[in-house]
Amino acid sequence: MSRRRTSPPGAPLTSLQVRSLPGQLLAWYDRHRRALPWRALPGEVPDPYRVWLSEIMLQQTTVAAVGPRFQAFLRRWPSINLLAAAPLDDVLHEWQGLGYYARARNLHRCARMVAEQHGGIFPDTEEGLRELPGIGGYTAGAIASIAFGRRASAVDGNVERVVARLYHITEPMPVAKPALRAAAGALVPGERAGDYAQALMDLGATICTPRKPRCLMCPWRGDCRAFAAGDAEALPARVAKKAKPVRHAIAFWVTRPDGTVLLRRRPEDGLLGGMIEVPTTPWREEAWTLEEAAMHAPVAATLITLPGDVRHGFTHFDFIVQVAAARTKRRPKADEIWVKPEDFGSQALPSAVKKMVRHALAHMGR
Ligand code: SF4
C-alpha cells in the first residue's frame, strides 16, 4: 500500500494536485478496471455503436441486468445499420427485461437517424450526439469521451458523489450541482479522456460507494479532502431534513407466468398490522440502491426499477417507494400469497400499498 502523505483537512486542492489526479486514477484503472462486455480491451479502438448501445441500456438499469441483454442485441444486430433496418416490434421484444420501453423506442429512432442522416456513423461531438433521440447531457459526454476520446465529462450521481468528497464540497444538493460539474470538468485530462471517464465510473461503483467508501483502496485518498476530514460518507450533503422525516423502501412487484403477483401479510404488531402488502425492503431514512435492495428480494431474479416513485404521507413520516419488477417461475412456497391483480379487491391493502399497485400496473401494463 502506498505511504503517500494525506492532505490536511480544509486545505483546498492545489493546481498541481488537480493535474496529478487523473494520472493517479488512470494508473489505478489500468490495474483494476472492470471487465464489462461493452468495454474495449486495452489497446483496442472503442466501437461507437457498442458504447452507445451500452450507455442507453445502462440508463436506469444495473450493470448486471444489462450484460446479457447487450450480448443478445449485438448477436442479433451487430451494426447500427442492421438495428436501424429492424422492425420496431423486434427491438421492443429484444428489450424485454430492461424495462421503460420509451428508451427502446428512442434507441430505434436514434439508429434510424444515424443510418439515414449520418451514413451509419455517429457524430463524434457532444453537441452532435445531443441532437439524437434518447441522448441527454450525461450520455453525450460518456459517448464523446469513451468512443471518440473527446475531453468531455459525464457527470451522474456517482461522479457527483466522488467529486463532492474529493474537493470536500459541502453545499447541499442540488445547490452544489454547478460547482460539482465545474470541478468534474476541470479534472478531465486531455489524453485518455475515455479511459478516465470509465475509471471514474469504476471508482464510484466499486470504491467511493454511497455508504462505507473503501478509502484505503482509493488512488485519490492522499489528496481527498473528505478522507482527510473523515466525513466522506456524509457527502454529498442533502438539503436539511424537514420536521417530518422521510422513509424509503423498494417494493418488489414479483409476477409468475400465470399472472399472479406476490403479496405478504404484515406482522400483527406495529404500523398497518396484519394488512396485506407488496413485499418491500425494510423502510429506512436513506434511499436504497437496487443492489442493496436485491438482498431483500423475495425471489432470486433480475430486478428492473420502474420509472418514478410512489409517495404516501403517514402521520409521522413521509414514505417514498420505488417499485422493482421481477419475474419468477419457481413454485410458490406454502406461506406465500399469490393473487391476480383483478382479485386484489378481496385483499386488505392499505392506501400506500394500493398506490404501489397502481404504479406497478400503470408501468407494467405499457
Ligand atoms: Fe471517495 Fe474515499 Fe477515495 Fe475520497 S478517498 S474519493 S471519499 S473513496
# chains A, B, ... in the order shown; residues from 1 in each chain; ligands from 1
>>> closest_atom_pairs(of="chain A", to="ligand 1", cutoff="7 Å", atoms="only C-alpha atoms and all ligand atoms", output="CSV")
residue,atom,partner,partner_atom_place_in_ligand_line,distance
A:Val162,CA,ligand 1,6 (S),5.2
A:Arg165,CA,ligand 1,7 (S),5.1
A:Leu166,CA,ligand 1,6 (S),5.0
A:Ile207,CA,ligand 1,8 (S),5.2
A:Cys208,CA,ligand 1,8 (S),3.7
A:Pro213,CA,ligand 1,8 (S),5.0
A:Arg214,CA,ligand 1,8 (S),5.3
A:Cys215,CA,ligand 1,2 (Fe),3.6
A:Leu216,CA,ligand 1,5 (S),7.0
A:Cys218,CA,ligand 1,3 (Fe),4.5
A:Pro219,CA,ligand 1,3 (Fe),6.6
A:Trp220,CA,ligand 1,3 (Fe),5.1
A:Arg221,CA,ligand 1,5 (S),3.6
A:Cys224,CA,ligand 1,4 (Fe),4.6
A:Arg225,CA,ligand 1,4 (Fe),6.9
A:Ala226,CA,ligand 1,7 (S),5.6
A:Phe227,CA,ligand 1,5 (S),4.9
A:Ala232,CA,ligand 1,7 (S),4.7
>>> select_by_dssp(residues="range 57-128 of chain A", states="helix (DSSP H, G or I)", output="ChimeraX atom specification")
/A:57-58,63-76,80-85,88-94,101-117,126-128
>>> closest_residue(among="A:Arg284, A:Arg75, A:His296, A:Arg34", to="Arg50 in chain A", atoms="only C-alpha atoms")
A:Arg75
>>> select_by_dssp(residues="range 100-307 of chain A", states="strand (DSSP E or B)", output="list in words")
Met173, Arg238, Val246, Arg247, His248, Ala249, Ile250, Ala251, Phe252, Trp253, Val254, Thr255, Val261, Leu262, Leu263, Arg264, Arg265, Ile276, Glu277, Thr280, Arg284, Ile304 and Thr305 of chain A
>>> residues_around(residues="Arg247 in chain A", least_positions_apart="3", cutoff="7 Å", atoms="only C-alpha atoms", output="mmCIF file with N, CA, C and O atoms, in the first residue's frame")
data_model
loop_
_atom_site.group_PDB
_atom_site.id
_atom_site.type_symbol
_atom_site.label_atom_id
_atom_site.label_comp_id
_atom_site.auth_asym_id
_atom_site.auth_seq_id
_atom_site.Cartn_x
_atom_site.Cartn_y
_atom_site.Cartn_z
ATOM 1 N N TRP A 283 -38.019 -0.376 5.718
ATOM 2 C CA TRP A 283 -38.215 1.061 5.484
ATOM 3 C C TRP A 283 -37.130 1.787 6.269
ATOM 4 O O TRP A 283 -36.965 1.565 7.469
ATOM 5 N N ARG A 284 -36.428 2.692 5.598
ATOM 6 C CA ARG A 284 -35.339 3.378 6.297
ATOM 7 C C ARG A 284 -35.203 4.813 5.787
ATOM 8 O O ARG A 284 -35.805 5.185 4.778
ATOM 9 N N GLU A 285 -34.386 5.583 6.481
ATOM 10 C CA GLU A 285 -34.279 7.012 6.143
ATOM 11 C C GLU A 285 -33.545 7.246 4.838
ATOM 12 O O GLU A 285 -33.773 8.232 4.162
ATOM 13 N N GLU A 286 -32.641 6.342 4.502
ATOM 14 C CA GLU A 286 -31.807 6.545 3.314
ATOM 15 C C GLU A 286 -32.395 5.801 2.115
ATOM 16 O O GLU A 286 -32.907 4.685 2.274
ATOM 17 N N PHE A 317 -44.344 10.354 9.284
ATOM 18 C CA PHE A 317 -43.263 10.388 8.289
ATOM 19 C C PHE A 317 -43.850 10.305 6.870
ATOM 20 O O PHE A 317 -45.006 9.900 6.689
ATOM 21 N N ASP A 318 -43.055 10.753 5.935
ATOM 22 C CA ASP A 318 -43.422 10.604 4.524
ATOM 23 C C ASP A 318 -42.721 9.367 3.976
ATOM 24 O O ASP A 318 -41.551 9.113 4.292
ATOM 25 N N PHE A 319 -43.428 8.642 3.162
ATOM 26 C CA PHE A 319 -42.934 7.359 2.660
ATOM 27 C C PHE A 319 -42.698 7.483 1.162
ATOM 28 O O PHE A 319 -43.599 7.913 0.422
ATOM 29 N N ILE A 320 -41.515 7.128 0.716
ATOM 30 C CA ILE A 320 -41.183 7.162 -0.715
ATOM 31 C C ILE A 320 -40.754 5.759 -1.132
ATOM 32 O O ILE A 320 -39.830 5.192 -0.540
#
>>> residues_around(residues="range 256-261 of chain A", least_positions_apart="6", cutoff="7 Å", atoms="only C-alpha atoms", output="list of chain:residue names")
A:Arg327, A:Thr328, A:Lys329, A:Trp338, A:Val339, A:Lys340, A:Pro341
>>> atom_distance(atom1="CA of Pro350 in chain A", atom2="CA of His248 in chain A")
16.9 Å
>>> residues_around(residues="range 176-181 of chain A", least_positions_apart="6", cutoff="7 Å", atoms="only C-alpha atoms", output="number ranges by chain")
A: 155, 160, 163-164
>>> residues_around(residues="range 80-83 of chain A", least_positions_apart="5", cutoff="12 Å", atoms="only C-alpha atoms", output="PyMOL selection string")
chain A and resi 47-53+73-75+88-92+94+104-105+107-122
>>> write_last_selection(atoms="N, CA and C atoms", output="compact mmCIF listing (two decimals), in the first residue's frame")
# COMPACT_ATOMS: atom_id res chain seq x y z
N ASP A 47 -15.73 0.85 -30.18
CA ASP A 47 -16.73 0.87 -31.25
C ASP A 47 -17.88 1.77 -30.79
N PRO A 48 -18.12 2.90 -31.47
CA PRO A 48 -19.17 3.82 -31.01
C PRO A 48 -20.52 3.15 -30.88
N TYR A 49 -20.81 2.19 -31.74
CA TYR A 49 -22.11 1.50 -31.66
C TYR A 49 -22.25 0.77 -30.33
N ARG A 50 -21.21 0.05 -29.93
CA ARG A 50 -21.25 -0.67 -28.66
C ARG A 50 -21.33 0.31 -27.48
N VAL A 51 -20.56 1.38 -27.57
CA VAL A 51 -20.57 2.36 -26.47
C VAL A 51 -21.96 2.96 -26.32
N TRP A 52 -22.52 3.38 -27.44
CA TRP A 52 -23.87 3.98 -27.41
C TRP A 52 -24.91 2.99 -26.88
N LEU A 53 -24.89 1.77 -27.43
CA LEU A 53 -25.87 0.76 -27.02
C LEU A 53 -25.79 0.51 -25.51
N PHE A 73 -28.46 -8.33 -28.01
CA PHE A 73 -28.66 -7.30 -29.03
C PHE A 73 -27.56 -7.35 -30.07
N LEU A 74 -26.33 -7.46 -29.60
CA LEU A 74 -25.20 -7.44 -30.53
C LEU A 74 -25.21 -8.65 -31.46
N ARG A 75 -25.60 -9.80 -30.89
CA ARG A 75 -25.67 -11.00 -31.74
C ARG A 75 -26.71 -10.80 -32.83
N LEU A 88 -39.55 -2.23 -35.44
CA LEU A 88 -39.60 -1.75 -34.05
C LEU A 88 -40.07 -2.85 -33.11
N ASP A 89 -41.03 -3.64 -33.53
CA ASP A 89 -41.55 -4.69 -32.65
C ASP A 89 -40.46 -5.67 -32.24
N ASP A 90 -39.56 -5.98 -33.18
CA ASP A 90 -38.46 -6.90 -32.84
C ASP A 90 -37.55 -6.26 -31.79
N VAL A 91 -37.31 -4.97 -31.94
CA VAL A 91 -36.44 -4.28 -30.97
C VAL A 91 -37.11 -4.26 -29.60
N LEU A 92 -38.40 -3.95 -29.58
CA LEU A 92 -39.12 -3.92 -28.30
C LEU A 92 -39.11 -5.30 -27.66
N GLU A 94 -36.83 -7.65 -28.04
CA GLU A 94 -35.48 -7.94 -27.54
C GLU A 94 -35.16 -7.11 -26.30
N ALA A 104 -36.32 2.05 -25.52
CA ALA A 104 -36.15 1.19 -26.69
C ALA A 104 -36.65 1.89 -27.95
N ARG A 105 -37.74 2.62 -27.81
CA ARG A 105 -38.25 3.35 -28.98
C ARG A 105 -37.25 4.41 -29.42
N LEU A 107 -34.08 4.35 -28.84
CA LEU A 107 -32.91 3.64 -29.37
C LEU A 107 -33.10 3.36 -30.87
N HIS A 108 -34.30 2.89 -31.20
CA HIS A 108 -34.58 2.56 -32.60
C HIS A 108 -34.63 3.82 -33.46
N ARG A 109 -35.25 4.87 -32.93
CA ARG A 109 -35.29 6.14 -33.69
C ARG A 109 -33.89 6.68 -33.91
N CYS A 110 -33.08 6.56 -32.87
CA CYS A 110 -31.69 7.05 -32.97
C CYS A 110 -30.93 6.25 -34.04
N ALA A 111 -31.09 4.93 -34.02
CA ALA A 111 -30.39 4.09 -35.01
C ALA A 111 -30.80 4.50 -36.42
N ARG A 112 -32.09 4.75 -36.61
CA ARG A 112 -32.56 5.15 -37.95
C ARG A 112 -31.96 6.49 -38.35
N MET A 113 -31.93 7.41 -37.40
CA MET A 113 -31.41 8.74 -37.73
C MET A 113 -29.92 8.66 -38.10
N VAL A 114 -29.17 7.88 -37.32
CA VAL A 114 -27.74 7.75 -37.63
C VAL A 114 -27.56 7.08 -38.99
N ALA A 115 -28.36 6.04 -39.25
CA ALA A 115 -28.22 5.33 -40.52
C ALA A 115 -28.63 6.21 -41.70
N GLU A 116 -29.75 6.94 -41.54
CA GLU A 116 -30.30 7.67 -42.69
C GLU A 116 -29.67 9.04 -42.87
N GLN A 117 -29.33 9.70 -41.76
CA GLN A 117 -28.86 11.09 -41.88
C GLN A 117 -27.35 11.24 -41.69
N HIS A 118 -26.72 10.20 -41.14
CA HIS A 118 -25.27 10.32 -40.88
C HIS A 118 -24.49 9.19 -41.54
N GLY A 119 -25.11 8.49 -42.46
CA GLY A 119 -24.40 7.43 -43.18
C GLY A 119 -23.96 6.29 -42.29
N GLY A 120 -24.66 6.08 -41.17
CA GLY A 120 -24.31 4.97 -40.29
C GLY A 120 -23.14 5.27 -39.36
N ILE A 121 -22.74 6.54 -39.31
CA ILE A 121 -21.60 6.91 -38.45
C ILE A 121 -22.07 7.91 -37.40
N PHE A 122 -21.80 7.62 -36.15
CA PHE A 122 -22.24 8.50 -35.06
C PHE A 122 -21.49 9.84 -35.14
>>> closest_residue(among="A:Arg238, A:Arg331, A:Lys212, A:Arg192", to="Val45 in chain A", atoms="only C-alpha atoms")
A:Arg192
>>> closest_residue(among="A:Ile250, A:Leu235, A:Leu263, A:Met295", to="Leu349 in chain A", atoms="only C-alpha atoms")
A:Leu263
>>> closest_residue(among="A:Arg39, A:Pro210, A:Ala348, A:Arg161", to="Glu291 in chain A", atoms="only C-alpha atoms")
A:Pro210
>>> atom_distance(atom1="CA of Ala300 in chain A", atom2="CA of Ser54 in chain A")
24.0 Å
>>> decode(residues="range 167-269 of chain A", atoms="C-alpha atoms", output="PDB file, in the first residue's frame")
ATOM      1  CA  TYR A 167     -12.949  18.522  -3.125  1.00  0.00           C
ATOM      2  CA  HIS A 168     -14.979  18.468   0.091  1.00  0.00           C
ATOM      3  CA  ILE A 169     -17.833  20.445  -1.460  1.00  0.00           C
ATOM      4  CA  THR A 170     -20.293  20.687   1.398  1.00  0.00           C
ATOM      5  CA  GLU A 171     -23.145  22.712  -0.117  1.00  0.00           C
ATOM      6  CA  PRO A 172     -26.246  20.543  -0.145  1.00  0.00           C
ATOM      7  CA  MET A 173     -27.638  19.094  -3.331  1.00  0.00           C
ATOM      8  CA  PRO A 174     -28.938  20.333  -5.681  1.00  0.00           C
ATOM      9  CA  VAL A 175     -27.338  23.713  -4.904  1.00  0.00           C
ATOM     10  CA  ALA A 176     -23.912  22.120  -5.270  1.00  0.00           C
ATOM     11  CA  LYS A 177     -24.539  20.759  -8.763  1.00  0.00           C
ATOM     12  CA  PRO A 178     -22.926  23.593 -10.771  1.00  0.00           C
ATOM     13  CA  ALA A 179     -19.822  23.537  -8.555  1.00  0.00           C
ATOM     14  CA  LEU A 180     -19.599  19.763  -8.848  1.00  0.00           C
ATOM     15  CA  ARG A 181     -19.931  19.922 -12.618  1.00  0.00           C
ATOM     16  CA  ALA A 182     -17.203  22.546 -12.876  1.00  0.00           C
ATOM     17  CA  ALA A 183     -14.903  20.585 -10.595  1.00  0.00           C
ATOM     18  CA  ALA A 184     -15.544  17.353 -12.501  1.00  0.00           C
ATOM     19  CA  GLY A 185     -14.914  19.079 -15.826  1.00  0.00           C
ATOM     20  CA  ALA A 186     -11.611  20.542 -14.648  1.00  0.00           C
ATOM     21  CA  LEU A 187     -10.309  17.084 -13.821  1.00  0.00           C
ATOM     22  CA  VAL A 188     -10.848  15.557 -17.288  1.00  0.00           C
ATOM     23  CA  PRO A 189      -7.436  15.012 -18.870  1.00  0.00           C
ATOM     24  CA  GLY A 190      -6.616  15.912 -22.470  1.00  0.00           C
ATOM     25  CA  GLU A 191      -5.387  12.389 -23.121  1.00  0.00           C
ATOM     26  CA  ARG A 192      -7.174   9.111 -22.422  1.00  0.00           C
ATOM     27  CA  ALA A 193     -10.398  11.015 -21.687  1.00  0.00           C
ATOM     28  CA  GLY A 194     -12.448   7.877 -22.413  1.00  0.00           C
ATOM     29  CA  ASP A 195     -10.432   5.718 -20.034  1.00  0.00           C
ATOM     30  CA  TYR A 196     -10.655   8.481 -17.452  1.00  0.00           C
ATOM     31  CA  ALA A 197     -14.461   8.592 -17.732  1.00  0.00           C
ATOM     32  CA  GLN A 198     -14.663   4.829 -17.305  1.00  0.00           C
ATOM     33  CA  ALA A 199     -12.159   4.918 -14.449  1.00  0.00           C
ATOM     34  CA  LEU A 200     -14.316   7.444 -12.631  1.00  0.00           C
ATOM     35  CA  MET A 201     -17.385   5.256 -13.185  1.00  0.00           C
ATOM     36  CA  ASP A 202     -15.475   2.274 -11.761  1.00  0.00           C
ATOM     37  CA  LEU A 203     -14.216   4.258  -8.790  1.00  0.00           C
ATOM     38  CA  GLY A 204     -17.754   5.391  -7.930  1.00  0.00           C
ATOM     39  CA  ALA A 205     -19.181   1.896  -8.385  1.00  0.00           C
ATOM     40  CA  THR A 206     -16.544  -0.095  -6.515  1.00  0.00           C
ATOM     41  CA  ILE A 207     -14.566   2.168  -4.133  1.00  0.00           C
ATOM     42  CA  CYS A 208     -16.222   5.532  -3.493  1.00  0.00           C
ATOM     43  CA  THR A 209     -19.602   3.961  -2.849  1.00  0.00           C
ATOM     44  CA  PRO A 210     -22.508   5.841  -1.247  1.00  0.00           C
ATOM     45  CA  ARG A 211     -22.101   4.001   2.035  1.00  0.00           C
ATOM     46  CA  LYS A 212     -18.879   2.766   3.573  1.00  0.00           C
ATOM     47  CA  PRO A 213     -16.477   4.026   0.890  1.00  0.00           C
ATOM     48  CA  ARG A 214     -13.333   1.895   0.745  1.00  0.00           C
ATOM     49  CA  CYS A 215     -10.969   4.836   1.100  1.00  0.00           C
ATOM     50  CA  LEU A 216      -7.946   2.727   1.965  1.00  0.00           C
ATOM     51  CA  MET A 217      -8.161   1.164  -1.510  1.00  0.00           C
ATOM     52  CA  CYS A 218      -8.653   4.511  -3.260  1.00  0.00           C
ATOM     53  CA  PRO A 219      -5.991   6.007  -5.525  1.00  0.00           C
ATOM     54  CA  TRP A 220      -7.128   9.505  -4.530  1.00  0.00           C
ATOM     55  CA  ARG A 221      -7.070   9.139  -0.773  1.00  0.00           C
ATOM     56  CA  GLY A 222      -3.796  11.075  -0.432  1.00  0.00           C
ATOM     57  CA  ASP A 223      -5.458  14.194  -1.857  1.00  0.00           C
ATOM     58  CA  CYS A 224      -9.080  13.564  -0.931  1.00  0.00           C
ATOM     59  CA  ARG A 225     -10.353  16.298   1.367  1.00  0.00           C
ATOM     60  CA  ALA A 226     -13.270  14.263   2.695  1.00  0.00           C
ATOM     61  CA  PHE A 227     -10.938  11.396   3.582  1.00  0.00           C
ATOM     62  CA  ALA A 228      -8.741  13.840   5.470  1.00  0.00           C
ATOM     63  CA  ALA A 229     -11.767  15.336   7.204  1.00  0.00           C
ATOM     64  CA  GLY A 230     -13.211  11.912   7.984  1.00  0.00           C
ATOM     65  CA  ASP A 231     -16.700  12.752   6.748  1.00  0.00           C
ATOM     66  CA  ALA A 232     -16.802  11.110   3.313  1.00  0.00           C
ATOM     67  CA  GLU A 233     -19.998   9.234   3.986  1.00  0.00           C
ATOM     68  CA  ALA A 234     -21.836  12.491   4.729  1.00  0.00           C
ATOM     69  CA  LEU A 235     -21.146  13.846   1.241  1.00  0.00           C
ATOM     70  CA  PRO A 236     -22.684  14.950  -0.989  1.00  0.00           C
ATOM     71  CA  ALA A 237     -24.781  16.802   1.562  1.00  0.00           C
ATOM     72  CA  ARG A 238     -28.519  16.824   1.168  1.00  0.00           C
ATOM     73  CA  VAL A 239     -30.899  19.642   1.993  1.00  0.00           C
ATOM     74  CA  ALA A 240     -31.650  19.700   5.709  1.00  0.00           C
ATOM     75  CA  LYS A 241     -34.460  17.357   6.581  1.00  0.00           C
ATOM     76  CA  LYS A 242     -37.854  18.840   7.184  1.00  0.00           C
ATOM     77  CA  ALA A 243     -39.550  18.359  10.513  1.00  0.00           C
ATOM     78  CA  LYS A 244     -41.303  15.283   9.132  1.00  0.00           C
ATOM     79  CA  PRO A 245     -38.802  12.536   8.402  1.00  0.00           C
ATOM     80  CA  VAL A 246     -38.784  10.516   5.211  1.00  0.00           C
ATOM     81  CA  ARG A 247     -38.548   6.766   4.930  1.00  0.00           C
ATOM     82  CA  HIS A 248     -37.604   4.934   1.781  1.00  0.00           C
ATOM     83  CA  ALA A 249     -38.205   1.430   0.541  1.00  0.00           C
ATOM     84  CA  ILE A 250     -38.116  -0.553  -2.642  1.00  0.00           C
ATOM     85  CA  ALA A 251     -41.198  -2.687  -3.263  1.00  0.00           C
ATOM     86  CA  PHE A 252     -40.871  -5.937  -5.191  1.00  0.00           C
ATOM     87  CA  TRP A 253     -43.522  -6.497  -7.839  1.00  0.00           C
ATOM     88  CA  VAL A 254     -42.926 -10.191  -8.474  1.00  0.00           C
ATOM     89  CA  THR A 255     -45.048 -11.960 -11.058  1.00  0.00           C
ATOM     90  CA  ARG A 256     -45.437 -15.566 -12.113  1.00  0.00           C
ATOM     91  CA  PRO A 257     -46.224 -16.801 -15.644  1.00  0.00           C
ATOM     92  CA  ASP A 258     -49.870 -17.321 -14.627  1.00  0.00           C
ATOM     93  CA  GLY A 259     -50.214 -13.568 -13.969  1.00  0.00           C
ATOM     94  CA  THR A 260     -50.307 -13.780 -10.183  1.00  0.00           C
ATOM     95  CA  VAL A 261     -48.406 -11.273  -8.057  1.00  0.00           C
ATOM     96  CA  LEU A 262     -46.632 -11.984  -4.774  1.00  0.00           C
ATOM     97  CA  LEU A 263     -48.166 -10.389  -1.670  1.00  0.00           C
ATOM     98  CA  ARG A 264     -47.481 -10.889   2.029  1.00  0.00           C
ATOM     99  CA  ARG A 265     -49.118 -10.205   5.355  1.00  0.00           C
ATOM    100  CA  ARG A 266     -47.572  -7.597   7.630  1.00  0.00           C
ATOM    101  CA  PRO A 267     -46.764  -8.531  11.222  1.00  0.00           C
ATOM    102  CA  GLU A 268     -49.762  -8.177  13.543  1.00  0.00           C
ATOM    103  CA  ASP A 269     -47.930  -5.693  15.731  1.00  0.00           C
TER     104      ASP A 269
END
